[in-house]
file input36.txt (compact mmCIF, N, CA and C atoms)
# COMPACT_ATOMS: atom_id res chain seq x y z
N MET A 1079 9.71 -21.44 11.93
CA MET A 1079 10.81 -21.08 12.82
C MET A 1079 12.15 -21.43 12.20
N MET A 1080 12.23 -22.58 11.53
CA MET A 1080 13.48 -23.02 10.94
C MET A 1080 13.90 -22.10 9.79
N GLN A 1081 12.92 -21.62 9.04
CA GLN A 1081 13.25 -20.72 7.93
C GLN A 1081 13.80 -19.40 8.44
N ILE A 1082 13.33 -18.94 9.58
CA ILE A 1082 13.85 -17.69 10.15
C ILE A 1082 15.31 -17.86 10.52
N ILE A 1083 15.64 -19.01 11.12
CA ILE A 1083 17.02 -19.27 11.48
C ILE A 1083 17.90 -19.34 10.24
N GLU A 1084 17.42 -20.01 9.20
CA GLU A 1084 18.18 -20.10 7.95
C GLU A 1084 18.42 -18.71 7.35
N TRP A 1085 17.39 -17.87 7.35
CA TRP A 1085 17.54 -16.52 6.81
C TRP A 1085 18.53 -15.70 7.63
N LEU A 1086 18.47 -15.84 8.96
CA LEU A 1086 19.41 -15.12 9.81
C LEU A 1086 20.85 -15.58 9.55
N LEU A 1087 21.04 -16.88 9.37
CA LEU A 1087 22.37 -17.38 9.06
C LEU A 1087 22.88 -16.87 7.71
N LEU A 1088 22.00 -16.83 6.73
CA LEU A 1088 22.39 -16.31 5.41
C LEU A 1088 22.74 -14.82 5.47
N ILE A 1089 21.97 -14.07 6.23
CA ILE A 1089 22.27 -12.64 6.40
C ILE A 1089 23.61 -12.48 7.11
N PHE A 1090 23.86 -13.33 8.11
CA PHE A 1090 25.14 -13.29 8.81
C PHE A 1090 26.30 -13.58 7.86
N LEU A 1091 26.11 -14.52 6.93
CA LEU A 1091 27.15 -14.82 5.95
C LEU A 1091 27.45 -13.61 5.07
N ILE A 1092 26.43 -12.92 4.65
CA ILE A 1092 26.63 -11.73 3.82
C ILE A 1092 27.35 -10.65 4.61
N VAL A 1093 26.95 -10.45 5.86
CA VAL A 1093 27.62 -9.46 6.70
C VAL A 1093 29.09 -9.82 6.90
N CYS A 1094 29.37 -11.09 7.12
CA CYS A 1094 30.76 -11.53 7.29
C CYS A 1094 31.58 -11.30 6.02
N ALA A 1095 31.00 -11.61 4.88
CA ALA A 1095 31.72 -11.41 3.62
C ALA A 1095 32.07 -9.94 3.40
N VAL A 1096 31.13 -9.07 3.69
CA VAL A 1096 31.39 -7.64 3.54
C VAL A 1096 32.40 -7.16 4.59
N ALA A 1097 32.27 -7.66 5.82
CA ALA A 1097 33.17 -7.24 6.89
C ALA A 1097 34.61 -7.65 6.61
N VAL A 1098 34.82 -8.84 6.07
CA VAL A 1098 36.18 -9.26 5.72
C VAL A 1098 36.75 -8.35 4.65
N SER A 1099 35.92 -7.93 3.72
CA SER A 1099 36.39 -7.09 2.62
C SER A 1099 36.78 -5.69 3.08
N VAL A 1100 36.07 -5.14 4.05
CA VAL A 1100 36.33 -3.76 4.46
C VAL A 1100 37.22 -3.64 5.70
N SER A 1101 37.51 -4.76 6.35
CA SER A 1101 38.33 -4.72 7.55
C SER A 1101 39.77 -4.37 7.23
N LYS A 1102 40.34 -3.45 7.99
CA LYS A 1102 41.72 -3.04 7.77
C LYS A 1102 42.69 -3.84 8.65
N ASN A 1103 42.17 -4.47 9.70
CA ASN A 1103 42.99 -5.27 10.59
C ASN A 1103 42.99 -6.72 10.10
N LEU A 1104 44.17 -7.26 9.82
CA LEU A 1104 44.24 -8.60 9.27
C LEU A 1104 43.80 -9.67 10.27
N LEU A 1105 44.10 -9.47 11.54
CA LEU A 1105 43.67 -10.43 12.55
C LEU A 1105 42.15 -10.50 12.63
N ASN A 1106 41.50 -9.35 12.59
CA ASN A 1106 40.03 -9.33 12.59
C ASN A 1106 39.48 -10.03 11.36
N SER A 1107 40.13 -9.85 10.23
CA SER A 1107 39.67 -10.51 9.00
C SER A 1107 39.73 -12.02 9.12
N VAL A 1108 40.79 -12.54 9.73
CA VAL A 1108 40.91 -13.99 9.90
C VAL A 1108 39.84 -14.50 10.86
N ILE A 1109 39.58 -13.78 11.92
CA ILE A 1109 38.55 -14.20 12.88
C ILE A 1109 37.17 -14.17 12.23
N ILE A 1110 36.89 -13.16 11.45
CA ILE A 1110 35.61 -13.08 10.74
C ILE A 1110 35.50 -14.23 9.74
N PHE A 1111 36.61 -14.56 9.07
CA PHE A 1111 36.61 -15.68 8.13
C PHE A 1111 36.31 -17.00 8.85
N MET A 1112 36.87 -17.16 10.05
CA MET A 1112 36.59 -18.37 10.83
C MET A 1112 35.10 -18.47 11.17
N SER A 1113 34.51 -17.37 11.57
CA SER A 1113 33.08 -17.40 11.91
C SER A 1113 32.24 -17.67 10.66
N TYR A 1114 32.67 -17.13 9.52
CA TYR A 1114 31.98 -17.41 8.26
C TYR A 1114 31.99 -18.91 7.98
N SER A 1115 33.15 -19.53 8.13
CA SER A 1115 33.26 -20.96 7.85
C SER A 1115 32.42 -21.80 8.80
N LEU A 1116 32.40 -21.42 10.08
CA LEU A 1116 31.59 -22.17 11.04
C LEU A 1116 30.10 -22.05 10.75
N VAL A 1117 29.65 -20.85 10.40
CA VAL A 1117 28.24 -20.68 10.07
C VAL A 1117 27.91 -21.42 8.78
N MET A 1118 28.83 -21.43 7.85
CA MET A 1118 28.61 -22.18 6.61
C MET A 1118 28.49 -23.67 6.90
N ALA A 1119 29.27 -24.17 7.86
CA ALA A 1119 29.16 -25.57 8.25
C ALA A 1119 27.77 -25.86 8.85
N VAL A 1120 27.26 -24.93 9.65
CA VAL A 1120 25.92 -25.11 10.22
C VAL A 1120 24.88 -25.13 9.10
N ILE A 1121 25.03 -24.27 8.12
CA ILE A 1121 24.09 -24.25 7.00
C ILE A 1121 24.13 -25.56 6.23
N TRP A 1122 25.32 -26.13 6.05
CA TRP A 1122 25.42 -27.42 5.37
C TRP A 1122 24.69 -28.50 6.17
N VAL A 1123 24.75 -28.44 7.49
CA VAL A 1123 24.01 -29.40 8.31
C VAL A 1123 22.50 -29.21 8.11
N LEU A 1124 22.06 -27.96 8.08
CA LEU A 1124 20.64 -27.70 7.88
C LEU A 1124 20.17 -28.15 6.50
N LEU A 1125 21.07 -28.14 5.53
CA LEU A 1125 20.74 -28.61 4.18
C LEU A 1125 20.92 -30.12 4.04
N GLN A 1126 21.15 -30.79 5.17
CA GLN A 1126 21.30 -32.23 5.24
C GLN A 1126 22.47 -32.74 4.40
N ALA A 1127 23.59 -32.05 4.52
CA ALA A 1127 24.83 -32.46 3.86
C ALA A 1127 25.94 -32.52 4.91
N PRO A 1128 25.90 -33.53 5.79
CA PRO A 1128 26.86 -33.57 6.89
C PRO A 1128 28.30 -33.76 6.44
N ASP A 1129 28.51 -34.43 5.29
CA ASP A 1129 29.87 -34.60 4.80
C ASP A 1129 30.49 -33.26 4.43
N LEU A 1130 29.72 -32.40 3.80
CA LEU A 1130 30.21 -31.07 3.47
C LEU A 1130 30.40 -30.21 4.72
N ALA A 1131 29.53 -30.40 5.70
CA ALA A 1131 29.64 -29.64 6.95
C ALA A 1131 30.93 -29.99 7.68
N ILE A 1132 31.26 -31.26 7.74
CA ILE A 1132 32.49 -31.68 8.40
C ILE A 1132 33.70 -31.14 7.65
N THR A 1133 33.66 -31.21 6.34
CA THR A 1133 34.77 -30.70 5.53
C THR A 1133 34.93 -29.20 5.70
N GLU A 1134 33.82 -28.48 5.70
CA GLU A 1134 33.88 -27.02 5.87
C GLU A 1134 34.43 -26.65 7.24
N ALA A 1135 34.00 -27.36 8.26
CA ALA A 1135 34.48 -27.07 9.61
C ALA A 1135 35.96 -27.40 9.75
N ALA A 1136 36.37 -28.52 9.19
CA ALA A 1136 37.76 -28.94 9.33
C ALA A 1136 38.70 -28.10 8.49
N VAL A 1137 38.36 -27.90 7.24
CA VAL A 1137 39.25 -27.18 6.33
C VAL A 1137 39.05 -25.68 6.43
N GLY A 1138 37.81 -25.22 6.36
CA GLY A 1138 37.54 -23.79 6.36
C GLY A 1138 37.88 -23.11 7.66
N ALA A 1139 37.33 -23.63 8.74
CA ALA A 1139 37.55 -22.99 10.04
C ALA A 1139 38.80 -23.51 10.73
N GLY A 1140 39.24 -24.70 10.37
CA GLY A 1140 40.39 -25.29 11.05
C GLY A 1140 41.71 -25.04 10.37
N VAL A 1141 41.99 -25.80 9.35
CA VAL A 1141 43.30 -25.77 8.69
C VAL A 1141 43.60 -24.42 8.07
N THR A 1142 42.65 -23.87 7.33
CA THR A 1142 42.89 -22.59 6.65
C THR A 1142 43.14 -21.47 7.66
N SER A 1143 42.39 -21.46 8.74
CA SER A 1143 42.58 -20.42 9.76
C SER A 1143 43.94 -20.55 10.43
N VAL A 1144 44.37 -21.77 10.71
CA VAL A 1144 45.70 -21.96 11.28
C VAL A 1144 46.78 -21.46 10.31
N LEU A 1145 46.62 -21.76 9.04
CA LEU A 1145 47.58 -21.27 8.04
C LEU A 1145 47.58 -19.74 7.97
N PHE A 1146 46.41 -19.13 8.07
CA PHE A 1146 46.34 -17.67 8.08
C PHE A 1146 47.04 -17.09 9.31
N PHE A 1147 46.81 -17.71 10.48
CA PHE A 1147 47.48 -17.24 11.70
C PHE A 1147 48.99 -17.37 11.58
N LEU A 1148 49.46 -18.48 11.02
CA LEU A 1148 50.90 -18.66 10.83
C LEU A 1148 51.46 -17.62 9.86
N ALA A 1149 50.71 -17.32 8.81
CA ALA A 1149 51.15 -16.31 7.86
C ALA A 1149 51.21 -14.93 8.52
N LEU A 1150 50.21 -14.61 9.34
CA LEU A 1150 50.22 -13.32 10.05
C LEU A 1150 51.40 -13.23 11.01
N ARG A 1151 51.69 -14.32 11.67
CA ARG A 1151 52.83 -14.32 12.58
C ARG A 1151 54.13 -14.16 11.80
N ARG A 1152 54.20 -14.80 10.66
CA ARG A 1152 55.41 -14.74 9.83
C ARG A 1152 55.69 -13.33 9.32
N VAL A 1153 54.65 -12.60 8.96
CA VAL A 1153 54.84 -11.24 8.45
C VAL A 1153 54.84 -10.19 9.56
N GLY A 1154 54.71 -10.64 10.81
CA GLY A 1154 54.82 -9.72 11.93
C GLY A 1154 53.55 -9.00 12.31
N GLN A 1155 52.40 -9.48 11.86
CA GLN A 1155 51.13 -8.85 12.20
C GLN A 1155 50.47 -9.48 13.41
N LEU A 1156 51.09 -10.54 13.96
CA LEU A 1156 50.49 -11.27 15.07
C LEU A 1156 51.57 -11.57 16.08
N GLY A 1157 51.22 -11.42 17.32
CA GLY A 1157 52.16 -11.80 18.38
C GLY A 1157 53.19 -10.73 18.64
N HIS A 1158 54.39 -11.19 18.95
CA HIS A 1158 55.46 -10.28 19.33
C HIS A 1158 55.97 -9.51 18.13
N LYS A 1159 56.14 -8.23 18.34
CA LYS A 1159 56.74 -7.39 17.30
C LYS A 1159 58.24 -7.59 17.32
N ARG A 1160 58.79 -7.72 16.15
CA ARG A 1160 60.23 -7.87 16.08
C ARG A 1160 60.88 -6.53 16.32
N GLU A 1161 61.80 -6.51 17.24
CA GLU A 1161 62.48 -5.27 17.56
C GLU A 1161 63.72 -5.13 16.69
N GLU A 1162 63.86 -3.97 16.12
CA GLU A 1162 65.02 -3.72 15.30
C GLU A 1162 66.17 -3.26 16.18
N LYS A 1163 67.32 -3.81 15.93
CA LYS A 1163 68.50 -3.41 16.69
C LYS A 1163 69.04 -2.12 16.09
N THR A 1164 69.27 -1.17 16.96
CA THR A 1164 69.82 0.09 16.49
C THR A 1164 71.24 0.22 17.01
N GLU A 1165 72.05 0.78 16.18
CA GLU A 1165 73.45 0.98 16.60
C GLU A 1165 73.56 2.31 17.31
N ALA A 1166 74.23 2.28 18.45
CA ALA A 1166 74.38 3.51 19.24
C ALA A 1166 75.70 4.17 18.98
call {"tool": "encode", "arguments": {"input": "input36.txt", "output": "structure tokens"}}
result
Amino acid sequence: MMQIIEWLLLIFLIVCAVAVSVSKNLLNSVIIFMSYSLVMAVIWVLLQAPDLAITEAAVGAGVTSVLFFLALRRVGQLGHKREEKTEA
């Protein structure tokens, strides 16, 4: 049973990697990346490496995702669209 779960998680990782590559929406790519990092953290736990799992969850799904969201907001792909002032 445990091997089936591990195989499903590995297949999910491959699907996430391909989905990030082909996604045209940057917000979707960041969300897929977050799920990839969380599943990778679970795999590290299954491989009995809790230190790596904590690091992956904190850095991969946490800090890096926040930085990506801030970058998307900075370039105008997230949140409020900046309205251009037009002269009448």
call {"tool": "residues_around", "arguments": {"input": "input36.txt", "residues": "A:Ala1097", "least_positions_apart": "3", "cutoff": "8 Å", "atoms": "all atoms listed in the file", "output": "ChimeraX atom specification"}}
result
/A:1091-1094,1100-1102,1106-1107,1110-1111
call {"tool": "residues_around", "arguments": {"input": "input36.txt", "residues": "stretch 1134-1150 of chain A", "least_positions_apart": "2", "cutoff": "12 Å", "atoms": "only C-alpha atoms", "output": "ChimeraX atom specification"}}
result
/A:1103-1123,1127-1132,1152-1159
call {"tool": "atom_distance", "arguments": {"input": "input36.txt", "atom1": "atom C of A:Gln1081", "atom2": "atom C of A:Leu1124"}}
result
11.0 Å
call {"tool": "atom_distance", "arguments": {"input": "input36.txt", "atom1": "atom C of A:Leu1125", "atom2": "atom N of A:Trp1085"}}
result
13.2 Å
call {"tool": "select_by_dssp", "arguments": {"input": "input36.txt", "residues": "chain A", "states": "helix (DSSP H, G or I)", "output": "PyMOL selection string"}}
result
chain A and resi 1080-1100+1104-1124+1128-1152
call {"tool": "atom_distance", "arguments": {"input": "input36.txt", "atom1": "atom CA of A:Ile1082", "atom2": "atom CA of A:Gln1126"}}
result
17.1 Å
